[in-house]
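Here the structure is laid out as structure tokens; the discussion comes afterwards.
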Amino acid sequence: MIEIKNLHKGFGGEEILKGIDYVFETGKTNLVIGQSGSGKSVLLKCMLGLFKPEEGTIEYDGTAYSSFTDEEQRELRKEVGMLFQGGALFDSMTVEENVMFPLRMFTKQRKRELKTRVAEVLKRVNLDGNENKYPAEISGGMQKRVAIARAIVNKPKYLFCDEPNSGLDPTTATIIDKLIQELTRENNITTVIITHDMNSVLEIGENIAFLKDGVLAWKGDKSQIFKTEDKTVTDFVYSSDLFKKVRDAQLKGY
Amino acid sequence: MSYVHSIGEYFLMIKGVFGRMTKRSVLKELIFKEIDELIIGSLGIVAFISFFIGGVVAIQTALNLNNPLIPKTLIAFAARQSIILEFAPTFISIIMAGKVGSFITSSIGSMRVTEQIDALEVMGINSLNYLIFPKIIAMLTYPFVIAISMFLGIIGAYAAAVFGGFVGNDLFLTGLQDGFEGFHIVYAFIKTFIFAMILATIPAYHGYYMKGGALEVGHASTTAFVWTSVVLIITNYIVTQLLLS
């Protein structure tokens, strides 16, 4: 579980996060949604320790990140998996080397053991047989799956995903969403997903936090978000014509 | 003001490079990879340029020796002095700033753009050490490149001068040994060692701290080349003043 309390962060005198309180539950897909510039990425980077908040705390399983020593912070980071928007795979490494990377850096396992674990994870994300390919030789969806494999290979307690579906077709996006949800449940991970993709909300939105102008404007789940009358949320959710039409049809009783 | 900021940032980067070290077995592999890419990969172009420039230096000297009182041995002497003192360490370093420097900037810059550096940081890896330390260690072998450049430059001068009919074999070899000072070699290698550090770190700085997208990677490479060259030239002047004057 990750709990953030009264989180404030700004840049150059401009306050980006204005006192956010939220609990990201373990074993569930926790989505943070909102328009571009609402503070989602800043929130994520604060949680990852890449930005230092000016005020407030981020607690990992009850212990504030700010109270950790440098060594403890590094230890915590070993328990964190991160799926970047573009995958952030290392170009010069093969799929297998990319997935093996965190294991090589942080464990003392023998090469055979490393290969076994990598094969196991690649099979889980349906990429067995692609071990020797380079990121440039595989599709965007496959790159995302390699990135997921790399993020989970160390059996992390916390998984962060920054817009995991950006640049993917709807079918692949759904596969990625489902995969993240399955892995979260299987491994009892605290998963935080930053997105503005409403299809993801519909598919895997077990817990949803809606940010607007650096403030937590709404929280709930996927069944509640389409029923809410909160105008700040409906303006965002129904900015898509398709969702607007679906809602109108529902209201008319179709 | 921004220059002062950049200089400060550069030295903080150097401090960071020697901070928390990457796992030794991984580092060893990275160092060999960098030696292959930065040093071995540059040998071809260095050999080619050195041989022909050495030849040109000899021909130019020979063609300008109109006074019969000046001995022909001067052709080899001038070629040796210019190759050992300036051409090999400085001229080749400027070329390396273009070849190796832009490679370092663009490779690190691309990693910055595609969030690969963020990925390293999130994993708790000291990205400065992981990315730049192996390059610095690899560049410690740079004096070998310069030694090869010196050797091939003189071979090129010999080939052009002797086979071009400007001077006989014996006179060339006499000139080559004439007034030789061992300290000139020491001076050249001290310079080379300092240049190696500049070649590894300034382009790395421009790549690591770049902001923006693919276009900015190109801009960063160009800026890195310009600044590396400027710093090389200034350092060359200072080191020459300190060691030879």
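Residue numbers start at 1 in each chain; chains themselves are named A, B, ... in the order of the structure tokens; ligands are numbered from 1 in the order shown.
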
Exercise. Using the chain letters and numbers from this document, which residues of segment 42-216 of chain A does DSSP assign to strand (DSSP E or B), as an MDAnalysis selection string?
Worked result: chainID A and resid 55:60 63:64 80:83 158:162 190:195 207:212 215:216

How close does each residue of chain A get to chain B, giving the shortest atom pair and distance in Å to one decimal for every residue with an atom at most 9 Å away, counting only C-alpha atoms, sorted by chain and residue number, as a tab-separated table?
```
residue	atom	partner	partner_atom	distance
A:Leu48	CA	B:Val122	CA	6.7
A:Gly49	CA	B:Val122	CA	8.0
A:Leu50	CA	B:Val122	CA	7.6
A:Gln73	CA	B:Gly124	CA	8.1
A:Arg74	CA	B:Gly124	CA	5.2
A:Glu75	CA	B:Gly124	CA	7.9
A:Leu76	CA	B:Gly124	CA	8.5
A:Arg77	CA	B:Gly124	CA	5.5
A:Lys78	CA	B:Met123	CA	6.0
A:Glu79	CA	B:Met123	CA	8.6
A:Val80	CA	B:Met123	CA	7.2
A:Gly81	CA	B:Met123	CA	7.7
A:Met82	CA	B:Val122	CA	7.3
A:Leu83	CA	B:Ala119	CA	8.6
A:Phe84	CA	B:Glu115	CA	7.4
A:Gln85	CA	B:Glu115	CA	8.6
A:Gly86	CA	B:Thr114	CA	6.7
A:Gly87	CA	B:Glu115	CA	8.2
A:Ala88	CA	B:Gln116	CA	4.7
A:Leu89	CA	B:Gln116	CA	6.5
A:Phe90	CA	B:Gln116	CA	6.4
A:Asp91	CA	B:Met111	CA	8.5
A:Pro102	CA	B:Met123	CA	7.4
A:Arg104	CA	B:Val26	CA	7.8
A:Met105	CA	B:Lys23	CA	6.4
A:Phe106	CA	B:Lys23	CA	8.3
```

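Each of A:Ala249, A:Leu211, A:Val233, A:Met142 was compared to Asn165 of chain A using only C-alpha atoms, and A:Met142 turns out to be the nearest.
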
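Atom CA of Gly153 of chain B is found 15.3 Å from atom CA of Gln177 of chain B.
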
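When atom CA of Lys123 of chain A is paired with atom CA of Met100 of chain A, their separation reads 13.8 Å.
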
Looking only at alpha helix (DSSP H) from DSSP on the backbone, list the matching residues of segment 19-205 of chain B as a CSV table (one decimal) with C-alpha atoms, in the first residue's frame.
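The result, written out as out_4.csv:
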```
chain,number,residue,atom,x,y,z
B,24,ARG,CA,31.9,-4.7,-10.8
B,25,SER,CA,31.1,-7.6,-13.2
B,26,VAL,CA,28.7,-5.3,-15.2
B,27,LEU,CA,31.2,-2.5,-15.2
B,28,LYS,CA,33.9,-4.7,-16.6
B,29,GLU,CA,31.7,-5.7,-19.5
B,30,LEU,CA,30.8,-2.0,-20.1
B,31,ILE,CA,34.5,-1.0,-20.1
B,32,PHE,CA,35.4,-3.6,-22.8
B,33,LYS,CA,32.4,-2.5,-24.9
B,34,GLU,CA,33.5,1.1,-24.7
B,41,GLY,CA,36.4,1.7,-33.7
B,42,SER,CA,38.5,4.8,-34.3
B,43,LEU,CA,41.8,3.1,-35.3
B,44,GLY,CA,40.9,2.9,-39.0
B,45,ILE,CA,40.2,6.6,-39.5
B,46,VAL,CA,43.1,7.6,-37.2
B,47,ALA,CA,45.5,5.4,-39.2
B,48,PHE,CA,44.3,6.7,-42.5
B,49,ILE,CA,44.5,10.4,-41.6
B,50,SER,CA,47.8,10.0,-39.8
B,51,PHE,CA,49.5,8.3,-42.7
B,52,PHE,CA,48.4,10.8,-45.3
B,53,ILE,CA,48.9,13.9,-43.2
B,54,GLY,CA,52.4,12.7,-42.3
B,55,GLY,CA,53.1,12.4,-46.1
B,56,VAL,CA,51.7,15.9,-46.8
B,57,VAL,CA,53.8,17.4,-44.0
B,58,ALA,CA,56.9,15.9,-45.5
B,59,ILE,CA,56.0,17.0,-49.1
B,60,GLN,CA,55.2,20.6,-47.9
B,61,THR,CA,58.5,20.8,-46.0
B,62,ALA,CA,60.4,19.4,-49.0
B,63,LEU,CA,58.8,21.8,-51.5
B,73,THR,CA,67.5,16.1,-43.2
B,74,LEU,CA,65.2,19.0,-42.1
B,75,ILE,CA,62.3,17.2,-44.0
B,76,ALA,CA,62.3,14.3,-41.6
B,77,PHE,CA,63.1,16.6,-38.6
B,78,ALA,CA,60.2,18.9,-39.3
B,79,ALA,CA,57.8,16.0,-40.0
B,80,ARG,CA,58.8,14.3,-36.7
B,81,GLN,CA,58.5,17.4,-34.6
B,82,SER,CA,55.2,18.5,-36.0
B,92,ILE,CA,43.8,13.7,-33.9
B,93,SER,CA,42.0,14.8,-30.7
B,94,ILE,CA,40.0,17.4,-32.6
B,95,ILE,CA,39.1,14.7,-35.1
B,96,MET,CA,38.2,12.4,-32.2
B,102,SER,CA,29.5,13.2,-31.1
B,103,PHE,CA,28.9,9.4,-30.6
B,104,ILE,CA,29.1,9.8,-26.8
B,105,THR,CA,26.7,12.9,-26.9
B,106,SER,CA,24.2,11.3,-29.2
B,107,SER,CA,24.2,7.9,-27.5
B,108,ILE,CA,23.7,9.4,-24.0
B,109,GLY,CA,21.3,12.1,-25.4
B,110,SER,CA,19.1,9.4,-27.1
B,111,MET,CA,19.0,7.5,-23.8
B,112,ARG,CA,17.8,10.7,-22.1
B,113,VAL,CA,15.2,11.4,-24.7
B,116,GLN,CA,16.4,5.1,-20.5
B,117,ILE,CA,18.4,7.2,-18.0
B,118,ASP,CA,15.2,7.7,-15.9
B,119,ALA,CA,14.8,3.9,-16.0
B,120,LEU,CA,18.3,3.4,-14.6
B,121,GLU,CA,17.6,6.0,-11.9
B,122,VAL,CA,14.3,4.4,-10.9
B,127,SER,CA,23.3,6.5,-14.1
B,128,LEU,CA,26.3,8.8,-14.2
B,129,ASN,CA,28.6,6.1,-13.0
B,130,TYR,CA,26.9,3.5,-15.2
B,131,LEU,CA,27.1,5.6,-18.4
B,132,ILE,CA,30.2,7.8,-18.1
B,133,PHE,CA,32.7,5.9,-15.8
B,134,PRO,CA,33.3,3.1,-18.4
B,135,LYS,CA,33.9,5.8,-21.1
B,136,ILE,CA,36.5,7.5,-18.9
B,137,ILE,CA,38.3,4.2,-18.2
B,138,ALA,CA,38.1,3.2,-21.9
B,139,MET,CA,39.6,6.6,-22.9
B,142,TYR,CA,43.6,6.7,-25.9
B,143,PRO,CA,47.4,7.3,-25.7
B,144,PHE,CA,47.8,4.0,-27.6
B,145,VAL,CA,45.8,5.5,-30.5
B,146,ILE,CA,48.1,8.6,-30.4
B,147,ALA,CA,51.1,6.3,-30.4
B,148,ILE,CA,49.8,4.6,-33.5
B,149,SER,CA,49.1,7.9,-35.0
B,150,MET,CA,52.7,9.1,-34.4
B,151,PHE,CA,54.1,6.0,-35.8
B,152,LEU,CA,52.0,6.0,-39.0
B,153,GLY,CA,52.4,9.7,-39.4
B,154,ILE,CA,56.2,9.2,-39.6
B,155,ILE,CA,55.8,6.2,-41.8
B,156,GLY,CA,53.6,8.4,-44.1
B,157,ALA,CA,56.3,11.1,-44.1
B,158,TYR,CA,59.0,8.6,-44.9
B,169,ASN,CA,66.6,6.9,-47.2
B,170,ASP,CA,69.8,7.6,-45.1
B,171,LEU,CA,69.2,11.4,-45.0
B,172,PHE,CA,65.6,10.9,-43.9
B,173,LEU,CA,66.7,8.5,-41.1
B,174,THR,CA,69.4,10.9,-40.0
B,175,GLY,CA,67.0,13.8,-39.8
B,176,LEU,CA,64.5,11.7,-38.0
B,177,GLN,CA,67.0,11.1,-35.2
B,182,GLY,CA,62.7,12.2,-25.2
B,183,PHE,CA,60.7,14.8,-23.1
B,184,HIS,CA,58.8,15.7,-26.3
B,185,ILE,CA,57.2,12.2,-26.2
B,186,VAL,CA,56.4,12.6,-22.5
B,187,TYR,CA,54.9,16.0,-23.2
B,188,ALA,CA,52.8,14.6,-26.0
B,189,PHE,CA,51.5,11.8,-23.8
B,190,ILE,CA,50.7,14.1,-20.8
B,191,LYS,CA,48.7,16.2,-23.3
B,192,THR,CA,47.0,13.1,-24.7
B,193,PHE,CA,46.0,11.9,-21.3
B,194,ILE,CA,44.4,15.2,-20.4
B,195,PHE,CA,42.7,15.3,-23.9
B,196,ALA,CA,41.3,11.8,-23.3
B,197,MET,CA,39.5,13.0,-20.1
B,198,ILE,CA,38.1,16.0,-22.0
B,199,LEU,CA,37.0,13.8,-24.9
B,200,ALA,CA,35.1,11.5,-22.5
B,201,THR,CA,33.5,14.0,-20.2
B,202,ILE,CA,32.5,17.1,-22.1
B,203,PRO,CA,30.4,15.2,-24.8
B,204,ALA,CA,29.0,13.1,-22.0
B,205,TYR,CA,27.9,16.2,-20.1
```

Atom CA of Asp177 of chain A sits from atom CA of Glu203 of chain A at a separation of 7.3 Å

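Using only C-alpha atoms for every distance, the candidate list B:Asn67, B:Met13, B:Lys72, B:Ile39 yields B:Lys72 as the residue closest to Val162 of chain B.
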
Need to verify the contact set: Asp21 of chain A, 6 Å, only C-alpha atoms, exclusion of same-chain residues closer than 2 positions in sequence. Can you return it as a PDB file with all heavy atoms, in the first residue's frame?
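The resulting file, part-v9.pdb, is shown below:
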```
ATOM      1  N   ILE A   4      -0.354   8.670   0.192  1.00  0.00           N
ATOM      2  CA  ILE A   4       0.222  10.013   0.099  1.00  0.00           C
ATOM      3  C   ILE A   4      -0.634  10.971   0.910  1.00  0.00           C
ATOM      4  O   ILE A   4      -1.857  10.898   0.894  1.00  0.00           O
ATOM      5  CB  ILE A   4       0.408  10.488  -1.360  1.00  0.00           C
ATOM      6  CG1 ILE A   4      -0.872  10.361  -2.175  1.00  0.00           C
ATOM      7  CG2 ILE A   4       1.513   9.760  -2.039  1.00  0.00           C
ATOM      8  CD1 ILE A   4      -0.725  10.902  -3.572  1.00  0.00           C
ATOM      9  N   LYS A   5       0.059  11.818   1.634  1.00  0.00           N
ATOM     10  CA  LYS A   5      -0.635  12.732   2.541  1.00  0.00           C
ATOM     11  C   LYS A   5      -0.203  14.169   2.269  1.00  0.00           C
ATOM     12  O   LYS A   5       0.992  14.480   2.329  1.00  0.00           O
ATOM     13  CB  LYS A   5      -0.294  12.383   4.004  1.00  0.00           C
ATOM     14  CG  LYS A   5      -0.836  11.035   4.461  1.00  0.00           C
ATOM     15  CD  LYS A   5      -0.354  10.736   5.876  1.00  0.00           C
ATOM     16  CE  LYS A   5      -0.878   9.390   6.358  1.00  0.00           C
ATOM     17  NZ  LYS A   5      -0.243   8.981   7.614  1.00  0.00           N
ATOM     18  N   ASN A   6      -1.185  15.005   1.970  1.00  0.00           N
ATOM     19  CA  ASN A   6      -0.982  16.458   1.817  1.00  0.00           C
ATOM     20  C   ASN A   6       0.232  16.789   0.940  1.00  0.00           C
ATOM     21  O   ASN A   6       1.094  17.593   1.320  1.00  0.00           O
ATOM     22  CB  ASN A   6      -0.816  17.082   3.225  1.00  0.00           C
ATOM     23  CG  ASN A   6      -0.877  18.595   3.173  1.00  0.00           C
ATOM     24  OD1 ASN A   6      -1.580  19.162   2.327  1.00  0.00           O
ATOM     25  ND2 ASN A   6      -0.152  19.256   4.052  1.00  0.00           N
TER      26      ASN A   6
END
```

- Fewer than 5 positions away in the same chain doesn't count, so skip those; otherwise give me all residues within 12 Å of Ser36 of chain A, counting only C-alpha atoms, as a PyMOL selection string. chain A and resi 16+41-42+163+194-197+210-214+236

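Between Ile58 of chain A and the residues A:Lys115, A:Lys155, A:His8, A:Lys144, the shortest atom-to-atom distance, using only C-alpha atoms, involves A:His8.
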